[in-house]
>>> print(open('run.pdb').read())   # PDB, C-alpha atoms, pLDDT in the B column
ATOM      1  CA  MET A  26     -18.628  26.249  13.658  1.00 68.00           C
ATOM      2  CA  PRO A  27     -15.602  23.948  14.046  1.00 88.00           C
ATOM      3  CA  TYR A  28     -12.742  24.952  16.323  1.00 95.00           C
ATOM      4  CA  VAL A  29     -10.216  24.110  13.607  1.00 96.00           C
ATOM      5  CA  VAL A  30     -10.581  24.166   9.811  1.00 96.00           C
ATOM      6  CA  THR A  31      -8.286  22.146   7.534  1.00 97.00           C
ATOM      7  CA  GLN A  32      -7.832  22.765   3.816  1.00 96.00           C
ATOM      8  CA  LEU A  33      -5.757  20.529   1.528  1.00 95.00           C
ATOM      9  CA  LEU A  34      -3.816  21.876  -1.458  1.00 93.00           C
ATOM     10  CA  ASP A  35      -0.606  21.002  -3.296  1.00 89.00           C
ATOM     11  CA  GLY A  36       0.018  18.020  -1.043  1.00 92.00           C
ATOM     12  CA  CYS A  37      -0.019  20.274   2.041  1.00 97.00           C
ATOM     13  CA  SER A  38      -2.482  21.109   4.822  1.00 98.00           C
ATOM     14  CA  ASN A  39      -3.576  24.564   5.874  1.00 98.00           C
ATOM     15  CA  ILE A  40      -4.844  24.269   9.456  1.00 98.00           C
ATOM     16  CA  ARG A  41      -6.594  27.360  10.802  1.00 98.00           C
ATOM     17  CA  ILE A  42      -7.675  27.913  14.418  1.00 97.00           C
ATOM     18  CA  SER A  43     -11.231  29.197  14.185  1.00 94.00           C
ATOM     19  CA  ASN A  44     -12.755  29.756  17.631  1.00 87.00           C
ATOM     20  CA  THR A  45     -14.223  33.259  18.022  1.00 84.00           C
ATOM     21  CA  ASP A  46     -12.491  36.477  16.957  1.00 87.00           C
ATOM     22  CA  ALA A  47      -9.881  36.015  19.691  1.00 93.00           C
ATOM     23  CA  ASN A  48      -9.336  32.288  18.934  1.00 95.00           C
ATOM     24  CA  LEU A  49      -9.352  31.503  22.644  1.00 95.00           C
ATOM     25  CA  LEU A  50      -8.052  28.112  23.731  1.00 97.00           C
ATOM     26  CA  THR A  51      -9.978  25.538  25.754  1.00 97.00           C
ATOM     27  CA  ILE A  52      -9.288  21.839  26.122  1.00 97.00           C
ATOM     28  CA  ASP A  53     -11.729  21.124  23.281  1.00 97.00           C
ATOM     29  CA  VAL A  54      -9.875  23.500  20.928  1.00 97.00           C
ATOM     30  CA  ILE A  55      -6.556  21.935  21.926  1.00 98.00           C
ATOM     31  CA  ARG A  56      -7.873  18.424  21.261  1.00 98.00           C
ATOM     32  CA  ALA A  57      -9.320  19.473  17.903  1.00 97.00           C
ATOM     33  CA  LEU A  58      -5.986  20.963  16.906  1.00 98.00           C
ATOM     34  CA  ALA A  59      -4.150  17.792  17.964  1.00 98.00           C
ATOM     35  CA  GLU A  60      -6.521  15.680  15.858  1.00 98.00           C
ATOM     36  CA  ALA A  61      -6.099  17.957  12.821  1.00 97.00           C
ATOM     37  CA  ILE A  62      -2.299  17.904  13.036  1.00 98.00           C
ATOM     38  CA  HIS A  63      -2.247  14.120  13.426  1.00 98.00           C
ATOM     39  CA  ALA A  64      -4.553  13.609  10.443  1.00 97.00           C
ATOM     40  CA  SER A  65      -2.583  16.021   8.283  1.00 97.00           C
ATOM     41  CA  SER A  66       0.752  14.444   9.202  1.00 96.00           C
ATOM     42  CA  GLN A  67      -0.600  11.110   7.962  1.00 95.00           C
ATOM     43  CA  SER A  68      -1.945  12.384   4.655  1.00 94.00           C
ATOM     44  CA  THR A  69       0.124  15.414   3.559  1.00 96.00           C
ATOM     45  CA  ASN A  70       3.792  16.365   3.291  1.00 97.00           C
ATOM     46  CA  ALA A  71       3.742  19.687   5.183  1.00 98.00           C
ATOM     47  CA  ILE A  72       1.434  21.767   7.392  1.00 98.00           C
ATOM     48  CA  MET A  73       0.800  25.506   7.673  1.00 98.00           C
ATOM     49  CA  LEU A  74      -0.767  26.581  10.983  1.00 98.00           C
ATOM     50  CA  CYS A  75      -2.541  29.929  11.098  1.00 98.00           C
ATOM     51  CA  GLY A  76      -5.230  31.853  12.965  1.00 97.00           C
ATOM     52  CA  GLY A  77      -7.300  34.992  12.561  1.00 95.00           C
ATOM     53  CA  ASP A  78      -6.630  38.512  11.350  1.00 94.00           C
ATOM     54  CA  ARG A  79      -6.748  40.173  14.760  1.00 94.00           C
ATOM     55  CA  PHE A  80      -5.487  37.270  16.860  1.00 96.00           C
ATOM     56  CA  PHE A  81      -3.587  34.176  15.884  1.00 97.00           C
ATOM     57  CA  SER A  82      -4.877  33.356  19.356  1.00 97.00           C
ATOM     58  CA  ASN A  83      -5.264  35.344  22.562  1.00 95.00           C
ATOM     59  CA  GLY A  84      -4.265  32.294  24.567  1.00 95.00           C
ATOM     60  CA  LEU A  85      -6.207  30.471  27.244  1.00 95.00           C
ATOM     61  CA  ASP A  86      -9.883  31.310  27.640  1.00 94.00           C
ATOM     62  CA  VAL A  87      -9.717  32.667  31.193  1.00 93.00           C
ATOM     63  CA  ASN A  88     -13.495  32.772  31.662  1.00 93.00           C
ATOM     64  CA  TRP A  89     -13.678  29.118  30.671  1.00 95.00           C
ATOM     65  CA  ALA A  90     -10.755  28.253  32.957  1.00 95.00           C
ATOM     66  CA  LEU A  91     -12.381  29.929  35.964  1.00 94.00           C
ATOM     67  CA  THR A  92     -15.300  27.496  35.732  1.00 95.00           C
ATOM     68  CA  ARG A  93     -13.002  24.447  35.882  1.00 96.00           C
ATOM     69  CA  SER A  94     -11.816  22.517  38.920  1.00 97.00           C
ATOM     70  CA  PRO A  95      -8.107  22.170  39.722  1.00 97.00           C
ATOM     71  CA  ASP A  96      -8.177  18.610  38.378  1.00 98.00           C
ATOM     72  CA  GLN A  97      -9.763  19.774  35.143  1.00 98.00           C
ATOM     73  CA  MET A  98      -7.158  22.519  34.749  1.00 97.00           C
ATOM     74  CA  ARG A  99      -4.402  19.997  35.395  1.00 98.00           C
ATOM     75  CA  GLU A 100      -5.843  17.887  32.576  1.00 98.00           C
ATOM     76  CA  MET A 101      -5.953  20.943  30.314  1.00 98.00           C
ATOM     77  CA  PHE A 102      -2.283  21.848  30.895  1.00 98.00           C
ATOM     78  CA  LEU A 103      -1.196  18.224  30.429  1.00 98.00           C
ATOM     79  CA  THR A 104      -3.213  18.037  27.206  1.00 98.00           C
ATOM     80  CA  LEU A 105      -1.613  21.241  25.941  1.00 98.00           C
ATOM     81  CA  GLY A 106       1.822  19.903  26.855  1.00 98.00           C
ATOM     82  CA  ASP A 107       1.079  16.724  24.928  1.00 98.00           C
ATOM     83  CA  LEU A 108       0.062  18.823  21.904  1.00 98.00           C
ATOM     84  CA  ILE A 109       3.330  20.765  22.018  1.00 98.00           C
ATOM     85  CA  VAL A 110       5.364  17.548  22.115  1.00 98.00           C
ATOM     86  CA  GLN A 111       3.204  16.166  19.303  1.00 98.00           C
ATOM     87  CA  MET A 112       3.975  19.214  17.144  1.00 98.00           C
ATOM     88  CA  LEU A 113       7.681  19.004  17.898  1.00 98.00           C
ATOM     89  CA  GLU A 114       7.721  15.309  17.004  1.00 98.00           C
ATOM     90  CA  THR A 115       5.466  15.533  13.941  1.00 98.00           C
ATOM     91  CA  PRO A 116       7.709  14.195  11.161  1.00 97.00           C
ATOM     92  CA  VAL A 117       6.448  16.598   8.493  1.00 98.00           C
ATOM     93  CA  PRO A 118       7.358  20.311   8.489  1.00 98.00           C
ATOM     94  CA  ILE A 119       5.042  22.730  10.298  1.00 98.00           C
ATOM     95  CA  VAL A 120       5.116  26.401   9.290  1.00 98.00           C
ATOM     96  CA  GLY A 121       3.414  28.764  11.731  1.00 98.00           C
ATOM     97  CA  VAL A 122       2.123  32.107  10.476  1.00 98.00           C
ATOM     98  CA  ILE A 123       0.533  34.847  12.568  1.00 98.00           C
ATOM     99  CA  LYS A 124      -1.336  37.818  11.113  1.00 97.00           C
ATOM    100  CA  GLY A 125      -2.495  38.871  14.576  1.00 96.00           C
ATOM    101  CA  HIS A 126      -1.305  38.693  18.167  1.00 97.00           C
ATOM    102  CA  ALA A 127      -0.010  35.435  19.679  1.00 97.00           C
ATOM    103  CA  ILE A 128      -0.320  35.702  23.460  1.00 97.00           C
ATOM    104  CA  GLY A 129       0.382  33.190  26.219  1.00 96.00           C
ATOM    105  CA  ALA A 130      -0.348  29.626  25.135  1.00 97.00           C
ATOM    106  CA  ALA A 131      -0.699  30.847  21.549  1.00 97.00           C
ATOM    107  CA  LYS A 132       2.930  31.938  21.593  1.00 97.00           C
ATOM    108  CA  THR A 133       3.813  28.385  22.629  1.00 98.00           C
ATOM    109  CA  LEU A 134       1.905  26.900  19.685  1.00 98.00           C
ATOM    110  CA  PHE A 135       3.766  29.309  17.413  1.00 98.00           C
ATOM    111  CA  CYS A 136       7.134  28.349  18.933  1.00 98.00           C
ATOM    112  CA  ALA A 137       6.434  24.658  18.329  1.00 98.00           C
ATOM    113  CA  CYS A 138       6.451  25.259  14.564  1.00 98.00           C
ATOM    114  CA  ASP A 139       9.571  24.569  12.504  1.00 98.00           C
ATOM    115  CA  TYR A 140       9.364  27.911  10.701  1.00 98.00           C
ATOM    116  CA  ARG A 141       7.667  30.978  12.126  1.00 98.00           C
ATOM    117  CA  TYR A 142       6.315  33.757   9.893  1.00 98.00           C
ATOM    118  CA  ALA A 143       4.596  36.880  11.228  1.00 98.00           C
ATOM    119  CA  ALA A 144       2.974  40.047   9.941  1.00 98.00           C
ATOM    120  CA  SER A 145       4.871  43.275  10.390  1.00 96.00           C
ATOM    121  CA  GLY A 146       3.401  46.231  12.261  1.00 93.00           C
ATOM    122  CA  ARG A 147       1.709  45.951  15.626  1.00 92.00           C
ATOM    123  CA  VAL A 148       1.542  42.177  15.894  1.00 96.00           C
ATOM    124  CA  LEU A 149       2.411  41.296  19.480  1.00 97.00           C
ATOM    125  CA  ILE A 150       3.965  38.156  20.933  1.00 98.00           C
ATOM    126  CA  GLY A 151       4.496  37.424  24.602  1.00 96.00           C
ATOM    127  CA  VAL A 152       3.790  35.528  27.787  1.00 96.00           C
ATOM    128  CA  PRO A 153       2.057  37.788  30.345  1.00 95.00           C
ATOM    129  CA  GLU A 154       1.309  34.956  32.799  1.00 95.00           C
ATOM    130  CA  ILE A 155       3.586  36.299  35.529  1.00 96.00           C
ATOM    131  CA  LEU A 156       1.501  39.494  35.676  1.00 94.00           C
ATOM    132  CA  LEU A 157      -1.409  37.284  36.754  1.00 93.00           C
ATOM    133  CA  GLY A 158       0.728  35.595  39.387  1.00 94.00           C
ATOM    134  CA  VAL A 159       1.137  32.263  37.609  1.00 96.00           C
ATOM    135  CA  PRO A 160       4.273  30.725  36.100  1.00 96.00           C
ATOM    136  CA  ASN A 161       4.536  29.593  32.519  1.00 96.00           C
ATOM    137  CA  PRO A 162       3.867  25.882  32.119  1.00 97.00           C
ATOM    138  CA  TYR A 163       7.112  23.914  32.040  1.00 98.00           C
ATOM    139  CA  PHE A 164       6.803  23.055  28.348  1.00 98.00           C
ATOM    140  CA  ALA A 165       6.181  26.704  27.444  1.00 98.00           C
ATOM    141  CA  ASP A 166       9.153  27.949  29.475  1.00 98.00           C
ATOM    142  CA  GLN A 167      11.568  25.382  28.053  1.00 98.00           C
ATOM    143  CA  LEU A 168      10.371  25.741  24.456  1.00 98.00           C
ATOM    144  CA  LEU A 169      10.727  29.526  24.489  1.00 98.00           C
ATOM    145  CA  ARG A 170      14.281  29.230  25.830  1.00 98.00           C
ATOM    146  CA  PHE A 171      15.037  26.569  23.194  1.00 98.00           C
ATOM    147  CA  VAL A 172      13.749  28.716  20.333  1.00 98.00           C
ATOM    148  CA  ALA A 173      14.683  32.269  21.332  1.00 97.00           C
ATOM    149  CA  GLY A 174      17.587  31.777  23.739  1.00 97.00           C
ATOM    150  CA  ASP A 175      17.766  32.346  27.475  1.00 97.00           C
ATOM    151  CA  LYS A 176      18.256  36.124  27.345  1.00 97.00           C
ATOM    152  CA  LEU A 177      15.108  37.059  25.438  1.00 97.00           C
ATOM    153  CA  ALA A 178      13.086  34.232  26.986  1.00 97.00           C
ATOM    154  CA  SER A 179      13.941  35.290  30.534  1.00 98.00           C
ATOM    155  CA  ASP A 180      13.095  38.894  29.755  1.00 97.00           C
ATOM    156  CA  LEU A 181       9.679  37.974  28.352  1.00 97.00           C
ATOM    157  CA  ILE A 182       8.894  35.424  31.068  1.00 97.00           C
ATOM    158  CA  TYR A 183      10.043  37.549  34.022  1.00 97.00           C
ATOM    159  CA  THR A 184       8.452  40.825  32.879  1.00 97.00           C
ATOM    160  CA  GLY A 185       5.359  39.699  30.987  1.00 96.00           C
ATOM    161  CA  ARG A 186       6.046  42.325  28.341  1.00 96.00           C
ATOM    162  CA  LEU A 187       4.900  41.897  24.746  1.00 97.00           C
ATOM    163  CA  ILE A 188       7.145  42.457  21.742  1.00 97.00           C
ATOM    164  CA  THR A 189       6.426  42.974  18.056  1.00 97.00           C
ATOM    165  CA  ALA A 190       7.165  40.256  15.546  1.00 97.00           C
ATOM    166  CA  GLU A 191      10.043  42.344  14.163  1.00 96.00           C
ATOM    167  CA  ASP A 192      11.594  42.476  17.636  1.00 97.00           C
ATOM    168  CA  GLY A 193      11.555  38.684  17.724  1.00 97.00           C
ATOM    169  CA  VAL A 194      13.578  38.245  14.520  1.00 97.00           C
ATOM    170  CA  PRO A 195      17.128  38.829  15.860  1.00 96.00           C
ATOM    171  CA  ALA A 196      16.767  36.087  18.495  1.00 96.00           C
ATOM    172  CA  GLY A 197      15.158  33.602  16.091  1.00 96.00           C
ATOM    173  CA  LEU A 198      11.707  33.710  17.656  1.00 98.00           C
ATOM    174  CA  VAL A 199      10.427  34.799  14.232  1.00 98.00           C
ATOM    175  CA  HIS A 200      12.088  33.724  10.985  1.00 98.00           C
ATOM    176  CA  HIS A 201      10.479  36.197   8.600  1.00 97.00           C
ATOM    177  CA  THR A 202       8.077  39.152   8.575  1.00 98.00           C
ATOM    178  CA  ALA A 203       6.077  40.728   5.765  1.00 97.00           C
ATOM    179  CA  ASP A 204       2.990  42.879   5.254  1.00 97.00           C
ATOM    180  CA  LYS A 205      -0.192  41.454   6.732  1.00 96.00           C
ATOM    181  CA  GLU A 206      -1.720  41.052   3.283  1.00 96.00           C
ATOM    182  CA  ALA A 207       1.220  38.989   2.016  1.00 97.00           C
ATOM    183  CA  ILE A 208       2.463  36.993   4.999  1.00 98.00           C
ATOM    184  CA  GLU A 209       0.229  33.931   4.631  1.00 98.00           C
ATOM    185  CA  ASP A 210       1.064  33.638   0.925  1.00 97.00           C
ATOM    186  CA  GLU A 211       4.776  33.795   1.720  1.00 98.00           C
ATOM    187  CA  ALA A 212       4.398  31.225   4.481  1.00 98.00           C
ATOM    188  CA  TRP A 213       2.473  28.944   2.122  1.00 98.00           C
ATOM    189  CA  LYS A 214       5.293  29.107  -0.427  1.00 97.00           C
ATOM    190  CA  ARG A 215       7.686  28.018   2.327  1.00 97.00           C
ATOM    191  CA  THR A 216       5.308  25.196   3.264  1.00 98.00           C
ATOM    192  CA  VAL A 217       5.151  23.909  -0.313  1.00 97.00           C
ATOM    193  CA  SER A 218       8.930  24.094  -0.684  1.00 97.00           C
ATOM    194  CA  LEU A 219       9.438  22.107   2.528  1.00 97.00           C
ATOM    195  CA  ALA A 220       6.951  19.503   1.343  1.00 97.00           C
ATOM    196  CA  ALA A 221       9.257  18.754  -1.588  1.00 97.00           C
ATOM    197  CA  LEU A 222      12.128  17.676   0.680  1.00 97.00           C
ATOM    198  CA  PRO A 223      12.920  13.964   1.114  1.00 97.00           C
ATOM    199  CA  GLU A 224      10.514  12.883   3.849  1.00 96.00           C
ATOM    200  CA  LYS A 225      12.685  10.495   5.859  1.00 97.00           C
ATOM    201  CA  ALA A 226      15.697  12.805   5.820  1.00 98.00           C
ATOM    202  CA  PHE A 227      13.653  15.757   7.057  1.00 98.00           C
ATOM    203  CA  ALA A 228      11.995  13.681   9.779  1.00 98.00           C
ATOM    204  CA  GLU A 229      15.367  12.497  11.094  1.00 98.00           C
ATOM    205  CA  CYS A 230      16.855  16.015  11.022  1.00 98.00           C
ATOM    206  CA  LYS A 231      13.851  17.323  12.977  1.00 98.00           C
ATOM    207  CA  SER A 232      14.042  14.458  15.461  1.00 98.00           C
ATOM    208  CA  MET A 233      17.718  15.139  16.189  1.00 98.00           C
ATOM    209  CA  ARG A 234      16.915  18.803  16.809  1.00 97.00           C
ATOM    210  CA  VAL A 235      14.105  18.306  19.339  1.00 98.00           C
ATOM    211  CA  ALA A 236      14.659  14.859  20.904  1.00 98.00           C
ATOM    212  CA  GLU A 237      16.297  16.057  24.129  1.00 98.00           C
ATOM    213  CA  LEU A 238      13.773  18.861  24.614  1.00 98.00           C
ATOM    214  CA  CYS A 239      10.839  16.474  24.178  1.00 98.00           C
ATOM    215  CA  ALA A 240      12.383  13.961  26.581  1.00 98.00           C
ATOM    216  CA  SER A 241      12.822  16.697  29.190  1.00 98.00           C
ATOM    217  CA  ILE A 242       9.219  17.849  28.794  1.00 98.00           C
ATOM    218  CA  ARG A 243       7.877  14.321  29.177  1.00 97.00           C
ATOM    219  CA  ARG A 244      10.053  13.649  32.213  1.00 98.00           C
ATOM    220  CA  ASN A 245       9.159  16.826  34.100  1.00 98.00           C
ATOM    221  CA  LEU A 246       5.652  17.680  32.902  1.00 97.00           C
ATOM    222  CA  PRO A 247       3.555  15.896  35.595  1.00 97.00           C
ATOM    223  CA  ALA A 248       5.433  17.287  38.613  1.00 98.00           C
ATOM    224  CA  ARG A 249       5.791  20.791  37.167  1.00 98.00           C
ATOM    225  CA  THR A 250       2.098  20.832  36.272  1.00 98.00           C
ATOM    226  CA  ASP A 251       1.210  19.858  39.838  1.00 98.00           C
ATOM    227  CA  LYS A 252       3.189  22.877  41.075  1.00 98.00           C
ATOM    228  CA  LEU A 253       1.503  25.125  38.536  1.00 98.00           C
ATOM    229  CA  ILE A 254      -1.950  23.969  39.654  1.00 98.00           C
ATOM    230  CA  GLU A 255      -1.016  24.527  43.309  1.00 97.00           C
ATOM    231  CA  ILE A 256      -0.237  28.170  42.506  1.00 97.00           C
ATOM    232  CA  TRP A 257      -3.167  28.559  40.089  1.00 96.00           C
ATOM    233  CA  SER A 258      -5.699  27.315  42.652  1.00 96.00           C
ATOM    234  CA  SER A 259      -4.800  29.676  45.487  1.00 95.00           C
ATOM    235  CA  ALA A 260      -7.366  32.278  46.522  1.00 95.00           C
ATOM    236  CA  GLU A 261      -5.022  35.124  45.641  1.00 94.00           C
ATOM    237  CA  ILE A 262      -4.402  33.930  42.091  1.00 95.00           C
ATOM    238  CA  GLN A 263      -8.053  33.102  41.475  1.00 95.00           C
ATOM    239  CA  GLY A 264      -8.822  36.694  42.433  1.00 94.00           C
ATOM    240  CA  ARG A 265      -6.217  37.987  39.984  1.00 93.00           C
ATOM    241  CA  LEU A 266      -7.620  35.804  37.219  1.00 93.00           C
ATOM    242  CA  LYS A 267     -11.190  36.950  37.851  1.00 92.00           C
ATOM    243  CA  ALA A 268     -10.086  40.592  37.751  1.00 91.00           C
ATOM    244  CA  ALA A 269      -8.286  39.972  34.464  1.00 87.00           C
ATOM    245  CA  ALA A 270     -11.361  38.317  33.004  1.00 86.00           C
ATOM    246  CA  GLU A 271     -13.464  41.315  33.997  1.00 86.00           C
ATOM    247  CA  ARG A 272     -10.996  43.703  32.334  1.00 82.00           C
ATOM    248  CA  LEU A 273     -11.075  41.686  29.116  1.00 73.00           C
ATOM    249  CA  ALA A 274     -14.887  41.711  29.101  1.00 72.00           C
ATOM    250  CA  ARG A 275     -15.099  45.504  29.086  1.00 69.00           C
TER     251      ARG A 275
END
>>> encode(input="run.pdb", output="structure tokens")
Amino acid sequence: MPYVVTQLLDGCSNIRISNTDANLLTIDVIRALAEAIHASSQSTNAIMLCGGDRFFSNGLDVNWALTRSPDQMREMFLTLGDLIVQMLETPVPIVGVIKGHAIGAAKTLFCACDYRYAASGRVLIGVPEILLGVPNPYFADQLLRFVAGDKLASDLIYTGRLITAEDGVPAGLVHHTADKEAIEDEAWKRTVSLAALPEKAFAECKSMRVAELCASIRRNLPARTDKLIEIWSSAEIQGRLKAAAERLAR
């Protein structure tokens, strides 16, 4: 089964993460998603990014990560950072839609979309990394502050708490919510409407919005990732991660 499935309709692409029920992220999933977004940006006028019913994605596959060396994890975080910059710089509109939870790195993928739609009810968004003793990657920290503002971003980053999609609307983390059965259809209508916009004008408007953020991510990503890996690789944090993996397996 492919990690990512792309469907083409009405001059738009529907890209769906499709890696287990939890849609866990590994470097192979991240690379597949990058390839799908690149291909779609070359051949269609807008993209809708979605996931599963229970999870848009439950973030990084911790069990997978625990089998990787520090150098391999550094490569993974750099690859994910590159994907986020790629999404921000993709000249066509990207509409993200979540029917299920978007946790950790999945929240960052969601934030990198131009419009963000989410199902109402108990659909949770957040960054619980600090509860495991690790900081958010630099690109994730800066993007969340860019999208949702410093107040909400700091609260989520410093506490690790999860919020519902409705709670994310006032700060702009989520643009629109609707019933789970309807949210993807509503997001698709938005995608099709964005595809009708003049391409060059939209691309320039998007570039002006994100250019400074992308430049900052590129400039700081290597050094900040080195610091992240230093913390990640310590015996204490590896113990926390293994305990978390065991809890998730129950």
>>> resolve_selection(input="run.pdb", expression="the PyMOL selection byres ((chain A and resi 183-192) around 10)", output="PyMOL selection string")
chain A and resi 123-129+141-157+160-161+177-182+193-203
>>> closest_residue(input="run.pdb", among="A:Ile55, A:Cys138, A:Leu246, A:Cys37", to="Gln167 of chain A", atoms="only C-alpha atoms")
A:Leu246
>>> closest_residue(input="run.pdb", among="A:Pro27, A:Pro247, A:Gly84, A:Gly77", to="Lys205 of chain A", atoms="only C-alpha atoms")
A:Gly77
>>> residues_around(input="run.pdb", residues="segment 231-237 of chain A", least_positions_apart="2", cutoff="12 Å", atoms="all atoms listed in the file", output="NGL selection string")
:A and (109-119 or 137-140 or 167-168 or 171-172 or 224-229 or 239-244)
>>> closest_residue(input="run.pdb", among="A:Thr51, A:Asn70, A:Asn44, A:Gln32", to="Met101 of chain A", atoms="all atoms listed in the file")
A:Thr51
>>> atom_distance(input="run.pdb", atom1="atom CA of Arg56 of chain A", atom2="atom CA of Thr104 of chain A")
7.6 Å
>>> closest_residue(input="run.pdb", among="A:Ala212, A:Ala57, A:Leu50, A:Ala207", to="Val29 of chain A", atoms="all atoms listed in the file")
A:Ala57
>>> atom_distance(input="run.pdb", atom1="atom CA of Phe164 of chain A", atom2="atom CA of Ile62 of chain A")
18.5 Å
>>> resolve_selection(input="run.pdb", expression="the PyMOL selection byres ((chain A and resi 86-97) around 6)", output="JSON, numbers by chain")
{"A": [49, 50, 85, 98, 99, 100]}
>>> atom_distance(input="run.pdb", atom1="atom CA of Ala260 of chain A", atom2="atom CA of Asn48 of chain A")
27.7 Å
>>> closest_residue(input="run.pdb", among="A:Asp53, A:Val120, A:Arg79, A:Thr133", to="Ser218 of chain A", atoms="only C-alpha atoms")
A:Val120
>>> residues_near_point(input="run.pdb", point="(1.3, 26.6, 26.9)", cutoff="6 Å", atoms="only C-alpha atoms", output="PyMOL selection string")
chain A and resi 130+133+162+165
>>> resolve_selection(input="run.pdb", expression="the PyMOL selection byres ((chain A and resi 43) around 10)", output="PDB file with C-alpha atoms, in the frame of the given file")
ATOM      1  CA  MET A  26     -18.628  26.249  13.658  1.00 68.00           C
ATOM      2  CA  PRO A  27     -15.602  23.948  14.046  1.00 88.00           C
ATOM      3  CA  TYR A  28     -12.742  24.952  16.323  1.00 95.00           C
ATOM      4  CA  VAL A  29     -10.216  24.110  13.607  1.00 96.00           C
ATOM      5  CA  VAL A  30     -10.581  24.166   9.811  1.00 96.00           C
ATOM      6  CA  ILE A  40      -4.844  24.269   9.456  1.00 98.00           C
ATOM      7  CA  ARG A  41      -6.594  27.360  10.802  1.00 98.00           C
ATOM      8  CA  ILE A  42      -7.675  27.913  14.418  1.00 97.00           C
ATOM      9  CA  ASN A  44     -12.755  29.756  17.631  1.00 87.00           C
ATOM     10  CA  THR A  45     -14.223  33.259  18.022  1.00 84.00           C
ATOM     11  CA  ASP A  46     -12.491  36.477  16.957  1.00 87.00           C
ATOM     12  CA  ALA A  47      -9.881  36.015  19.691  1.00 93.00           C
ATOM     13  CA  ASN A  48      -9.336  32.288  18.934  1.00 95.00           C
ATOM     14  CA  LEU A  49      -9.352  31.503  22.644  1.00 95.00           C
ATOM     15  CA  VAL A  54      -9.875  23.500  20.928  1.00 97.00           C
ATOM     16  CA  CYS A  75      -2.541  29.929  11.098  1.00 98.00           C
ATOM     17  CA  GLY A  76      -5.230  31.853  12.965  1.00 97.00           C
ATOM     18  CA  GLY A  77      -7.300  34.992  12.561  1.00 95.00           C
ATOM     19  CA  PHE A  81      -3.587  34.176  15.884  1.00 97.00           C
ATOM     20  CA  SER A  82      -4.877  33.356  19.356  1.00 97.00           C
TER      21      SER A  82
END
>>> residues_around(input="run.pdb", residues="Gly36 of chain A", least_positions_apart="6", cutoff="9 Å", atoms="only C-alpha atoms", output="list in words")
Ser68, Thr69, Asn70, Ala71, Val217 and Ala220 of chain A
>>> closest_residue(input="run.pdb", among="A:Leu34, A:Ile262, A:Ile52, A:Ile256", to="Phe102 of chain A", atoms="only C-alpha atoms")
A:Ile52
>>> build_atoms(input="run.pdb", residues="segment 205-217 of chain A", atoms="N, CA and C atoms", output="compact mmCIF listing (two decimals), in the frame of the given file")
# COMPACT_ATOMS: atom_id res chain seq x y z
N LYS A 205 0.90 42.33 6.32
CA LYS A 205 -0.19 41.45 6.73
C LYS A 205 -0.90 40.81 5.54
N GLU A 206 -1.01 41.56 4.45
CA GLU A 206 -1.72 41.05 3.28
C GLU A 206 -0.93 39.95 2.57
N ALA A 207 0.38 39.92 2.78
CA ALA A 207 1.22 38.99 2.02
C ALA A 207 1.76 37.83 2.84
N ILE A 208 1.70 37.93 4.17
CA ILE A 208 2.46 36.99 5.00
C ILE A 208 1.99 35.55 4.87
N GLU A 209 0.69 35.31 4.76
CA GLU A 209 0.23 33.93 4.63
C GLU A 209 0.63 33.33 3.29
N ASP A 210 0.62 34.14 2.22
CA ASP A 210 1.06 33.64 0.92
C ASP A 210 2.54 33.27 0.97
N GLU A 211 3.35 34.09 1.63
CA GLU A 211 4.78 33.80 1.72
C GLU A 211 5.02 32.55 2.57
N ALA A 212 4.26 32.42 3.64
CA ALA A 212 4.40 31.22 4.48
C ALA A 212 3.96 29.97 3.72
N TRP A 213 2.93 30.10 2.90
CA TRP A 213 2.47 28.94 2.12
C TRP A 213 3.54 28.50 1.12
N LYS A 214 4.21 29.46 0.49
CA LYS A 214 5.29 29.11 -0.43
C LYS A 214 6.39 28.33 0.31
N ARG A 215 6.71 28.75 1.52
CA ARG A 215 7.69 28.02 2.33
C ARG A 215 7.18 26.61 2.64
N THR A 216 5.90 26.50 2.96
CA THR A 216 5.31 25.20 3.26
C THR A 216 5.43 24.25 2.08
N VAL A 217 5.09 24.73 0.89
CA VAL A 217 5.15 23.91 -0.31
C VAL A 217 6.59 23.51 -0.62
